[in-house]
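For reference, final-v5.txt is printed below; it contains compact mmCIF, C-alpha atoms and all ligand atoms.
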# COMPACT_ATOMS: atom_id res chain seq x y z
CA MET A 1 0.00 0.00 0.00
CA SER A 2 1.37 3.42 -0.88
CA VAL A 3 2.02 6.14 1.63
CA ASN A 4 1.23 9.87 1.49
CA THR A 5 3.22 12.50 3.33
CA LEU A 6 1.63 15.76 4.33
CA LYS A 7 2.06 18.59 6.84
CA ILE A 8 -0.45 19.14 9.61
CA ASP A 9 0.18 22.25 11.73
CA GLY A 10 3.74 22.26 10.45
CA GLN A 11 4.38 18.64 11.45
CA ASP A 12 5.40 16.10 8.77
CA ILE A 13 3.12 13.08 8.80
CA ALA A 14 3.10 9.90 6.72
CA VAL A 15 -0.15 7.97 6.37
CA GLU A 16 -1.46 5.11 4.29
CA GLU A 17 -3.19 6.01 1.05
CA GLY A 18 -6.91 6.37 1.71
CA ALA A 19 -6.60 7.77 5.24
CA THR A 20 -8.52 10.95 6.03
CA ILE A 21 -7.01 14.14 7.42
CA LEU A 22 -8.69 13.32 10.73
CA GLN A 23 -7.07 9.88 10.89
CA ALA A 24 -3.70 11.36 9.99
CA ALA A 25 -4.05 14.03 12.69
CA ARG A 26 -5.13 11.51 15.32
CA GLU A 27 -2.17 9.28 14.52
CA ALA A 28 0.08 12.28 15.12
CA LYS A 29 -1.85 13.14 18.31
CA ILE A 30 -3.02 16.46 16.91
CA PRO A 31 -6.47 17.08 18.41
CA ILE A 32 -9.29 18.07 16.05
CA PRO A 33 -12.70 18.46 17.70
CA THR A 34 -15.44 16.17 16.35
CA LEU A 35 -19.06 15.59 17.20
CA CYS A 36 -20.86 13.55 14.53
CA TYR A 37 -17.77 11.42 13.77
CA LEU A 38 -17.97 7.91 15.22
CA GLU A 39 -15.23 5.32 14.94
CA GLY A 40 -16.47 2.24 13.09
CA VAL A 41 -19.23 3.81 10.98
CA SER A 42 -19.01 5.90 7.84
CA PRO A 43 -18.29 9.64 8.21
CA ALA A 44 -21.18 12.06 7.67
CA ALA A 45 -19.48 15.49 7.92
CA ALA A 46 -22.78 16.72 9.38
CA CYS A 47 -21.64 18.74 12.38
CA ARG A 48 -18.84 20.81 10.76
CA MET A 49 -16.80 20.85 13.97
CA CYS A 50 -13.76 19.22 12.33
CA LEU A 51 -13.35 21.82 9.58
CA VAL A 52 -9.70 22.52 8.76
CA GLU A 53 -7.85 24.87 6.44
CA VAL A 54 -5.96 23.33 3.54
CA LYS A 55 -3.44 25.49 1.69
CA GLY A 56 -4.70 26.27 -1.79
CA SER A 57 -8.33 25.49 -1.03
CA PRO A 58 -10.71 28.45 -0.81
CA LYS A 59 -13.13 26.37 1.30
CA LEU A 60 -12.79 24.94 4.77
CA LEU A 61 -12.81 21.15 4.55
CA PRO A 62 -14.20 18.56 6.99
CA ALA A 63 -11.21 16.54 8.26
CA CYS A 64 -13.35 13.43 8.81
CA HIS A 65 -14.34 13.24 5.16
CA THR A 66 -11.32 14.60 3.27
CA ALA A 67 -8.55 12.31 2.07
CA ALA A 68 -5.05 13.08 3.27
CA LEU A 69 -3.18 13.68 0.00
CA GLU A 70 0.51 13.85 -0.85
CA GLY A 71 1.97 17.30 -0.19
CA MET A 72 -1.09 18.77 1.56
CA GLU A 73 -0.54 21.56 4.08
CA VAL A 74 -3.26 21.49 6.71
CA SER A 75 -3.94 23.89 9.60
CA THR A 76 -6.27 22.64 12.34
CA ASN A 77 -6.40 25.42 14.88
CA THR A 78 -6.11 28.90 13.34
CA PRO A 79 -7.94 31.85 14.96
CA LYS A 80 -10.41 31.70 12.07
CA LEU A 81 -11.19 28.02 12.76
CA GLN A 82 -11.46 28.68 16.49
CA SER A 83 -13.99 31.44 15.90
CA PHE A 84 -15.98 29.32 13.42
CA ARG A 85 -16.10 26.39 15.83
CA ARG A 86 -17.39 28.55 18.62
CA MET A 87 -19.99 30.09 16.32
CA ASN A 88 -21.00 26.63 15.08
CA MET A 89 -21.44 25.51 18.68
CA GLU A 90 -23.60 28.53 19.51
CA LEU A 91 -25.77 27.79 16.48
CA LEU A 92 -26.23 24.17 17.59
CA PHE A 93 -27.45 25.36 20.98
CA ALA A 94 -29.67 28.09 19.53
CA GLU A 95 -31.22 25.69 17.03
CA GLY A 96 -32.81 23.17 19.39
CA ASN A 97 -34.04 23.31 22.98
CA HIS A 98 -31.18 22.45 25.32
CA VAL A 99 -32.12 22.71 28.96
CA CYS A 100 -29.07 21.02 30.47
CA ALA A 101 -30.39 21.43 34.02
CA VAL A 102 -33.18 18.93 33.35
CA CYS A 103 -31.45 16.68 30.81
CA VAL A 104 -30.60 12.98 31.19
CA ALA A 105 -27.16 13.64 29.69
CA ASN A 106 -26.19 16.60 31.91
CA GLY A 107 -22.54 16.09 32.84
CA ASN A 108 -22.18 13.25 30.34
CA CYS A 109 -22.88 14.97 27.03
CA GLU A 110 -20.50 15.37 24.11
CA LEU A 111 -22.22 18.59 23.04
CA GLN A 112 -21.75 20.11 26.49
CA ASP A 113 -18.12 18.93 26.58
CA LEU A 114 -17.39 20.49 23.22
CA ALA A 115 -19.08 23.76 24.22
CA ILE A 116 -16.64 23.95 27.13
CA ARG A 117 -13.74 23.06 24.85
CA VAL A 118 -14.47 25.85 22.37
CA GLY A 119 -15.01 28.33 25.19
CA MET A 120 -18.72 28.97 24.79
CA ASP A 121 -20.04 30.85 27.83
CA HIS A 122 -23.20 32.06 26.06
CA SER A 123 -24.85 32.04 22.63
CA ARG A 124 -24.72 35.23 20.61
CA PHE A 125 -27.56 33.90 18.45
CA ALA A 126 -31.16 34.18 19.58
CA TYR A 127 -32.64 30.83 20.63
CA ARG A 128 -35.26 29.58 18.21
CA PHE A 129 -37.37 27.64 20.73
CA PRO A 130 -38.73 25.30 18.04
CA ASP A 131 -41.77 23.16 18.80
CA ARG A 132 -40.40 19.61 18.80
CA LYS A 133 -41.76 16.27 19.91
CA VAL A 134 -40.84 13.57 22.39
CA ASP A 135 -41.55 9.92 21.47
CA MET A 136 -41.85 7.54 24.42
CA SER A 137 -43.64 4.75 22.53
CA HIS A 138 -40.72 2.28 22.63
CA PRO A 139 -40.91 0.01 25.68
CA GLN A 140 -37.25 0.58 26.68
CA PHE A 141 -36.09 3.81 25.10
CA GLY A 142 -37.22 7.37 24.42
CA ILE A 143 -36.25 10.06 21.93
CA ASP A 144 -36.51 13.75 22.76
CA HIS A 145 -36.13 15.71 19.53
CA ASN A 146 -35.56 18.93 21.51
CA ARG A 147 -32.01 17.74 22.21
CA CYS A 148 -31.26 16.23 18.81
CA ILE A 149 -28.45 17.91 16.87
CA LEU A 150 -29.02 15.83 13.69
CA CYS A 151 -25.57 14.29 13.83
CA THR A 152 -27.03 11.08 12.30
CA ARG A 153 -24.95 8.78 14.50
CA CYS A 154 -28.12 6.86 15.40
CA VAL A 155 -28.97 6.49 11.71
CA ARG A 156 -25.51 5.15 10.90
CA VAL A 157 -25.07 2.70 13.80
CA CYS A 158 -28.52 1.27 13.34
CA ASP A 159 -27.98 0.79 9.62
CA GLU A 160 -24.30 -0.11 9.46
CA ILE A 161 -23.72 -2.06 12.68
CA GLU A 162 -27.11 -3.43 13.68
CA GLY A 163 -28.41 -3.70 10.11
CA ALA A 164 -31.91 -2.66 11.15
CA HIS A 165 -32.10 0.81 9.54
CA VAL A 166 -34.81 2.08 11.85
CA TRP A 167 -33.75 5.74 11.58
CA ASP A 168 -33.49 8.25 8.80
CA VAL A 169 -33.51 12.00 8.30
CA ALA A 170 -36.87 13.44 7.25
CA GLN A 171 -37.72 16.86 5.85
CA ARG A 172 -35.23 19.59 4.97
CA GLY A 173 -33.61 22.67 6.45
CA GLU A 174 -34.99 23.85 9.77
CA HIS A 175 -37.74 21.20 9.60
CA CYS A 176 -35.29 18.28 9.56
CA PHE A 177 -35.85 15.62 12.14
CA ILE A 178 -34.77 12.06 12.85
CA VAL A 179 -37.60 9.78 11.80
CA SER A 180 -38.27 6.20 12.89
CA GLY A 181 -39.55 3.64 10.36
CA MET A 182 -42.05 5.07 7.92
CA ASN A 183 -42.59 8.09 10.17
CA GLN A 184 -44.17 5.80 12.78
CA PRO A 185 -43.86 5.94 16.56
CA TRP A 186 -40.57 4.20 17.45
CA GLY A 187 -42.43 1.52 19.41
CA LYS A 188 -44.37 0.56 16.28
CA VAL A 189 -41.28 -0.05 14.12
CA ASP A 190 -40.92 -3.83 13.74
CA ALA A 191 -37.36 -3.51 12.40
CA CYS A 192 -36.07 -2.27 15.78
CA THR A 193 -34.37 -5.11 17.67
CA SER A 194 -34.12 -3.03 20.86
CA CYS A 195 -30.36 -3.50 20.77
CA GLY A 196 -29.70 -0.06 22.27
CA LYS A 197 -26.84 0.84 19.93
CA CYS A 198 -28.44 4.18 19.11
CA VAL A 199 -28.51 4.99 22.84
CA ASP A 200 -24.79 4.29 23.05
CA ALA A 201 -24.04 6.27 19.91
CA CYS A 202 -26.12 9.40 20.59
CA PRO A 203 -23.73 12.13 21.76
CA THR A 204 -26.48 14.09 23.52
CA GLY A 205 -29.46 13.32 25.71
CA ALA A 206 -31.78 12.93 22.70
CA ILE A 207 -31.95 9.11 22.81
CA PHE A 208 -32.00 7.61 26.27
CA ARG A 209 -33.10 4.64 28.34
CA LYS A 210 -36.48 5.03 29.97
CA GLY A 211 -36.33 5.49 33.70
CA SER A 212 -33.11 7.49 33.65
CA THR A 213 -33.54 10.95 35.06
CA ILE A 214 -31.39 14.11 35.15
CA GLY A 215 -27.70 13.39 34.63
CA GLU A 216 -28.23 9.62 34.67
CA LYS A 217 -27.61 8.76 31.04
CA GLU A 218 -24.73 6.35 30.63
CA ARG A 219 -23.47 5.06 27.35
CA ASP A 220 -21.22 2.21 26.40
CA ARG A 221 -19.38 3.73 23.44
CA GLU A 222 -16.70 1.00 23.64
CA LYS A 223 -19.31 -1.60 22.76
CA LEU A 224 -19.63 -0.11 19.29
CA SER A 225 -15.90 -0.24 18.51
CA PHE A 226 -15.78 -3.74 20.04
CA LEU A 227 -18.43 -4.94 17.60
CA VAL A 228 -16.74 -3.32 14.63
CA THR A 229 -13.32 -4.78 15.51
CA ALA A 230 -14.90 -8.17 16.05
CA ARG A 231 -16.59 -8.08 12.70
CA GLU A 232 -13.79 -6.62 10.62
CA LYS A 233 -10.73 -8.21 12.24
CA GLN A 234 -12.28 -11.23 13.95
CA GLN A 235 -10.74 -10.04 17.22
CA TRP A 236 -13.05 -10.32 20.21
CA THR A 237 -11.14 -7.95 22.45
CA ARG A 238 -12.27 -5.11 24.62
CA MET B 239 -10.04 53.12 47.96
CA ASP B 240 -13.82 53.18 48.21
CA LYS B 241 -15.47 49.87 48.81
CA ILE B 242 -17.00 48.13 45.81
CA ARG B 243 -20.75 48.76 45.65
CA PHE B 244 -22.19 45.27 45.20
CA ALA B 245 -25.72 44.17 44.36
CA THR B 246 -27.66 41.04 43.43
CA VAL B 247 -31.08 40.81 41.81
CA TRP B 248 -33.32 37.97 40.79
CA LEU B 249 -35.64 38.00 37.84
CA ALA B 250 -37.33 34.85 36.45
CA GLY B 251 -35.30 32.25 38.32
CA CYS B 252 -35.97 29.86 41.17
CA SER B 253 -33.62 31.67 43.63
CA GLY B 254 -31.28 28.66 43.40
CA CYS B 255 -28.41 30.84 42.19
CA HIS B 256 -28.85 33.01 45.26
CA MET B 257 -28.91 29.89 47.46
CA SER B 258 -25.64 28.84 45.82
CA PHE B 259 -24.30 32.33 46.59
CA LEU B 260 -25.20 31.75 50.25
CA ASP B 261 -23.27 28.46 50.00
CA LEU B 262 -20.12 30.60 49.94
CA ASP B 263 -20.39 30.22 53.72
CA GLU B 264 -17.52 31.84 55.60
CA TRP B 265 -16.20 33.52 52.46
CA LEU B 266 -19.32 35.71 52.67
CA ILE B 267 -17.80 37.31 55.76
CA GLU B 268 -14.67 38.13 53.79
CA LEU B 269 -16.80 39.46 50.94
CA ALA B 270 -18.85 41.59 53.32
CA GLN B 271 -15.63 43.26 54.53
CA GLN B 272 -14.63 44.20 51.00
CA VAL B 273 -17.93 45.40 49.53
CA ASP B 274 -20.94 47.50 50.38
CA VAL B 275 -24.03 45.42 49.73
CA VAL B 276 -26.27 48.12 48.29
CA TYR B 277 -29.14 45.94 47.06
CA SER B 278 -29.90 42.23 47.33
CA PRO B 279 -32.90 40.04 48.13
CA VAL B 280 -30.65 37.97 50.43
CA GLY B 281 -28.27 40.63 51.75
CA SER B 282 -30.05 43.93 52.26
CA ASP B 283 -33.42 45.48 52.98
CA ILE B 284 -33.25 48.34 50.50
CA LYS B 285 -36.25 48.41 48.18
CA THR B 286 -35.04 50.56 45.27
CA TYR B 287 -32.04 49.72 43.17
CA PRO B 288 -29.52 52.52 43.89
CA GLU B 289 -27.30 54.59 41.59
CA ASN B 290 -23.59 53.88 40.95
CA VAL B 291 -23.42 50.16 41.53
CA ASP B 292 -20.06 48.58 40.63
CA VAL B 293 -20.95 44.89 40.36
CA CYS B 294 -24.34 43.19 40.11
CA LEU B 295 -25.18 39.49 39.90
CA VAL B 296 -28.37 39.09 37.86
CA GLU B 297 -30.18 35.78 38.38
CA GLY B 298 -33.02 34.71 36.10
CA GLY B 299 -34.36 35.32 32.62
CA VAL B 300 -36.63 38.17 31.60
CA ALA B 301 -40.19 36.86 31.77
CA ASN B 302 -42.51 39.70 32.77
CA GLU B 303 -42.82 43.49 32.86
CA ASP B 304 -41.37 43.75 36.37
CA ASN B 305 -38.27 41.79 35.33
CA LEU B 306 -37.84 44.03 32.32
CA GLU B 307 -38.21 47.26 34.27
CA LEU B 308 -35.78 46.18 36.99
CA LEU B 309 -33.22 44.91 34.49
CA LEU B 310 -33.26 48.17 32.52
CA MET B 311 -32.69 50.09 35.75
CA VAL B 312 -29.89 47.71 36.79
CA ARG B 313 -28.20 48.24 33.44
CA ARG B 314 -28.42 52.04 33.66
CA ARG B 315 -26.99 52.09 37.17
CA THR B 316 -24.37 49.31 37.08
CA LYS B 317 -20.80 49.14 35.78
CA THR B 318 -20.25 45.37 35.66
CA LEU B 319 -23.35 43.28 35.06
CA ILE B 320 -22.88 39.54 35.55
CA SER B 321 -25.37 37.22 33.88
CA PHE B 322 -25.66 34.83 36.83
CA GLY B 323 -26.71 31.23 36.16
CA ASP B 324 -28.34 29.40 33.27
CA CYS B 325 -31.71 31.19 33.51
CA ALA B 326 -29.93 34.51 32.98
CA VAL B 327 -27.56 33.15 30.31
CA THR B 328 -29.91 30.91 28.27
CA ALA B 329 -33.38 31.59 29.78
CA ASN B 330 -33.24 27.86 30.75
CA VAL B 331 -36.27 26.24 32.43
CA PRO B 332 -38.44 29.42 32.54
CA ALA B 333 -38.10 29.58 28.72
CA MET B 334 -39.61 26.11 28.27
CA ARG B 335 -42.89 27.99 27.97
CA ASN B 336 -41.58 29.73 24.85
CA MET B 337 -42.27 26.56 22.87
CA LEU B 338 -46.01 27.14 23.40
CA GLY B 339 -45.85 30.42 21.47
CA GLY B 340 -46.82 33.61 23.29
CA ALA B 341 -48.02 34.54 26.79
CA GLU B 342 -51.67 33.90 26.00
CA PRO B 343 -51.47 30.17 25.20
CA VAL B 344 -49.28 29.74 28.30
CA LEU B 345 -51.81 31.43 30.60
CA LYS B 346 -54.69 29.54 28.99
CA ARG B 347 -52.89 26.26 29.46
CA GLY B 348 -52.00 26.96 33.08
CA TYR B 349 -55.10 28.72 34.36
CA LEU B 350 -57.93 27.41 32.18
CA GLU B 351 -57.14 24.02 30.64
CA LEU B 352 -55.35 22.59 33.67
CA ALA B 353 -57.49 24.23 36.35
CA ASP B 354 -59.33 21.88 38.72
CA THR B 355 -61.81 24.42 40.03
CA ALA B 356 -62.81 27.96 39.03
CA PRO B 357 -60.74 28.40 35.87
CA GLN B 358 -59.87 32.10 35.54
CA LEU B 359 -57.11 34.13 33.90
CA PRO B 360 -55.14 36.23 36.42
CA HIS B 361 -55.61 39.92 35.80
CA ALA B 362 -54.59 42.49 38.40
CA PRO B 363 -52.89 45.48 36.76
CA GLY B 364 -50.26 47.04 39.01
CA ILE B 365 -50.17 43.98 41.28
CA VAL B 366 -49.52 40.93 39.10
CA PRO B 367 -46.98 41.83 36.39
CA GLU B 368 -48.00 40.97 32.83
CA LEU B 369 -46.05 38.15 31.17
CA LEU B 370 -43.87 38.99 28.20
CA ASP B 371 -44.54 36.88 25.11
CA GLN B 372 -41.17 35.15 25.34
CA VAL B 373 -38.77 34.59 28.23
CA LEU B 374 -35.41 36.03 27.15
CA PRO B 375 -31.84 35.62 28.34
CA VAL B 376 -30.50 38.80 29.96
CA HIS B 377 -28.04 39.60 27.16
CA GLN B 378 -30.84 39.62 24.60
CA VAL B 379 -32.28 42.63 26.44
CA VAL B 380 -29.21 44.56 27.70
CA PRO B 381 -25.43 44.25 27.23
CA VAL B 382 -23.68 41.96 29.70
CA GLU B 383 -20.04 42.10 30.87
CA ILE B 384 -19.57 38.60 32.30
CA TYR B 385 -21.43 35.33 31.70
CA MET B 386 -21.49 32.79 34.52
CA PRO B 387 -23.39 29.67 33.40
CA GLY B 388 -24.52 26.89 35.74
CA CYS B 389 -27.81 25.71 37.21
CA PRO B 390 -26.90 26.90 39.72
CA PRO B 391 -23.27 27.99 39.36
CA PRO B 392 -21.46 26.20 42.20
CA ALA B 393 -20.25 28.42 45.07
CA ASP B 394 -16.61 27.86 44.00
CA ARG B 395 -17.39 29.28 40.57
CA ILE B 396 -19.08 32.34 42.10
CA GLN B 397 -16.05 32.94 44.30
CA ALA B 398 -13.68 32.48 41.35
CA VAL B 399 -15.60 35.18 39.47
CA LEU B 400 -15.90 37.65 42.35
CA GLU B 401 -12.32 37.39 43.66
CA PRO B 402 -10.60 38.87 40.59
CA LEU B 403 -13.29 41.55 40.34
CA LEU B 404 -12.50 42.63 43.91
CA ARG B 405 -8.88 43.05 42.84
CA GLY B 406 -10.00 45.08 39.83
CA GLU B 407 -9.25 42.25 37.38
CA THR B 408 -11.48 40.42 34.91
CA PRO B 409 -12.13 36.74 35.64
CA VAL B 410 -11.17 34.25 32.95
CA MET B 411 -14.28 32.29 31.96
CA GLU B 412 -12.77 29.09 30.59
CA GLY B 413 -12.87 25.37 31.28
CA ARG B 414 -15.34 23.02 32.93
CA ASP B 415 -15.03 24.64 36.35
CA MET B 416 -16.08 28.02 34.99
CA ILE B 417 -18.49 27.58 32.06
CA LYS B 418 -20.26 24.23 32.20
CA PHE B 419 -24.00 24.62 31.67
CA GLY B 420 -26.50 22.69 33.78
S1 LIG C 501 -28.19 17.17 25.21
FE1 LIG C 501 -26.34 17.97 26.23
S2 LIG C 501 -26.31 20.12 25.68
FE2 LIG C 501 -28.37 19.38 25.24
S3 LIG C 501 -29.56 19.74 27.11
FE3 LIG C 501 -28.73 17.69 27.29
S4 LIG C 501 -26.81 17.96 28.44
FE4 LIG C 501 -27.39 19.98 27.64
S1 LIG C 502 -32.35 -0.05 19.40
FE1 LIG C 502 -31.00 -0.89 17.82
S2 LIG C 502 -32.37 -1.55 16.21
FE2 LIG C 502 -33.56 -0.20 17.51
S3 LIG C 502 -33.33 1.81 16.63
FE3 LIG C 502 -31.70 1.66 18.12
S4 LIG C 502 -29.94 0.87 16.96
FE4 LIG C 502 -31.75 0.52 15.72
S1 LIG C 503 -30.90 11.38 18.06
FE1 LIG C 503 -28.82 11.61 18.89
S2 LIG C 503 -27.56 10.35 17.52
FE2 LIG C 503 -29.48 10.69 16.47
S3 LIG C 503 -29.13 12.48 15.19
FE3 LIG C 503 -30.04 13.21 17.10
S4 LIG C 503 -28.29 13.72 18.39
FE4 LIG C 503 -27.50 12.46 16.73

As structure tokens - that is how I would like this structure written.
Ligand code: SF4
Ligand code: SF4
Ligand code: SF4
Amino acid sequence: MSVNTLKIDGQDIAVEEGATILQAAREAKIPIPTLCYLEGVSPAAACRMCLVEVKGSPKLLPACHTAALEGMEVSTNTPKLQSFRRMNMELLFAEGNHVCAVCVANGNCELQDLAIRVGMDHSRFAYRFPDRKVDMSHPQFGIDHNRCILCTRCVRVCDEIEGAHVWDVAQRGEHCFIVSGMNQPWGKVDACTSCGKCVDACPTGAIFRKGSTIGEKERDREKLSFLVTAREKQQWTR
Amino acid sequence: MDKIRFATVWLAGCSGCHMSFLDLDEWLIELAQQVDVVYSPVGSDIKTYPENVDVCLVEGGVANEDNLELLLMVRRRTKTLISFGDCAVTANVPAMRNMLGGAEPVLKRGYLELADTAPQLPHAPGIVPELLDQVLPVHQVVPVEIYMPGCPPPADRIQAVLEPLLRGETPVMEGRDMIKFG
């Protein structure tokens, strides 16, 4: 397999052909913030947190979905990127209804963690307060669309790891929402095996186990990488 | 040097941020030696918000006409306004009514649809303040100098914000200890 060499933040890095900028950066221990990215399933480039600057490109490019090419010069943490990330974060909060104080994921939420990381102490954008639904029809799980950031992790794990494809994205623009089955209540979707992978994958408090209250959501993210390693490499290690 | 003129107010909040302020325990004695408490629902009996306030902690979102009037006065008379707690910074739980639309559907839901006996809309001009259509975070109404998230902000965070201010410095609002919501 051929190897590409590129520069990330001034550091020379060699990676296998086909690796993304994100993989190259992670190998070199250069941190790039991500939210929708999930090891083991395909990248979606939905959240735009991993945008980087590539010399010669007029656009910012998502590191999770851009191939690391020979001779590339990538910057991951310029003042421009820092200000875009913070703005992006504020928009994510302003878009939905995030009331951390009464959320199952409070203290254990990747959105909250990232807000801290990018230094968000308030949102400069006016909150939209959209009217969104909560679906508690599944016997074990619930989904609260108020907290959904449309990262599509649930869609991808359910389709690519569990093979059930319960979830999809419906509508467009501000009306987008995560839909179960043929726009049925989750509890009515026969395809759902109740495996709970979407609970483990969801970075926020949007999908949760019933009966968990404020700050009680736990997720077993390792389980997902365990399954992927087991399937792809036949190694049952954890 | 003159003592810092210090105030606290609460708008649409549950008073939890003020309770967390009281959790500063013995540090409150130190604070009291360094500031003049010129207005505070938990630290003074004065009924009108005075002129020339140096630092004010504002708890709560802006939900009704009283909140709005007090906040505008606080802004006019205060140098450093601190948006104190999630209700002030994001409008938080009080703003969960915003999803219903305006004030009218909220009042109808609360006082008519859910009433057990004698359903009636509250109306007492001059006594019960009228609700605003939306509950707003403080900075959507007036400019804010410092944002202190948290529901409530833990006492340590409050102290870490006030200490530099007492020395005439600006606190650095960074990291989990200082800016975690919830
Ligand atoms: S999902 Fe995360 S950011 Fe949203 S309300 Fe819950 S804890 Fe807060
Ligand atoms: S529980 Fe499993 S099968 Fe059901 S929606 Fe979630 S990931 Fe899909
Ligand atoms: S429900 Fe959770 S995993 Fe699914 S799109 Fe929304 S935030 Fe992402």

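Applying a distance limit of 7 Å to all atoms listed in the file, the residues of chain A near chain B read Val99, Cys100, Ala101, Asn106, Ile116, Arg117, Gly119, Asp121, His122, Phe129, Pro130 and Asp131 of chain A.
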
>> Using only C-alpha atoms and all ligand atoms, can you tell me which of A:Cys158, A:Val179, A:Ile149, A:Ala201 comes closest to ligand LIG 502 (chain C)?
In response: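 Checking each candidate against ligand LIG 502 (chain C), we get A:Cys158 as the closest.
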
> What residues have any atom no more than 10 Å from ligand LIG 501 (chain C) when counting all atoms listed in the file, and can you list them as a PyMOL selection string?
Replying inline: (chain A and resi 92-93+96-115+144-149+202-207+214-215+217) or (chain B and resi 330+418-420)

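Neighbouring residues of ligand LIG 502 (chain C) at a cut-off of 7 Å, counting all atoms listed in the file, are Cys154, Val157, Cys158, Glu162, Ala164, His165, Val166, Trp167, Ala191, Cys192, Thr193, Ser194, Cys195, Gly196, Lys197, Cys198 and Val199 of chain A.
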
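Our summary of the geometry notes that atom CA of A:Lys29 is positioned 13.0 Å from atom CA of A:Ala14.
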
Please identify all polymer residues lying at most 9 Å from the point (-34.9, 24.0, 11.2) (file coordinates), using all atoms listed in the file, and present the result as an mmCIF file with C-alpha atoms, in the frame of the given file.
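Wrote it out as point-v8.cif, contents follow:
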data_model
loop_
_atom_site.group_PDB
_atom_site.id
_atom_site.type_symbol
_atom_site.label_atom_id
_atom_site.label_comp_id
_atom_site.auth_asym_id
_atom_site.auth_seq_id
_atom_site.Cartn_x
_atom_site.Cartn_y
_atom_site.Cartn_z
ATOM 1 C CA GLU A 95 -31.220 25.690 17.030
ATOM 2 C CA GLY A 96 -32.810 23.170 19.390
ATOM 3 C CA ARG A 128 -35.260 29.580 18.210
ATOM 4 C CA PRO A 130 -38.730 25.300 18.040
ATOM 5 C CA ARG A 172 -35.230 19.590 4.970
ATOM 6 C CA GLY A 173 -33.610 22.670 6.450
ATOM 7 C CA GLU A 174 -34.990 23.850 9.770
ATOM 8 C CA HIS A 175 -37.740 21.200 9.600
ATOM 9 C CA CYS A 176 -35.290 18.280 9.560
ATOM 10 C CA PHE A 177 -35.850 15.620 12.140
#

> Of the residues A:Ser57, A:Thr152, A:Asn77, A:Gln82, which is the one nearest to ligand LIG 503 (chain C), using all atoms listed in the file?
Replying inline: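 Under the stated criterion, the closest residue is A:Thr152.
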
>> Please report the interatomic distance between atom CA of B:Val382 and atom CA of A:Arg48 in Å with one decimal.
In response: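 Computing it gives 28.8 Å between the two atoms.
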
>> One number please: atom CA of B:Thr318 to atom CA of A:Arg124, in Å, one decimal.
In response: 18.7 Å

> Which of these residues is nearest to B:Ala270, using only C-alpha atoms: B:Val312, B:Leu352, B:Phe322, B:Leu404?
Replying inline: B:Leu404
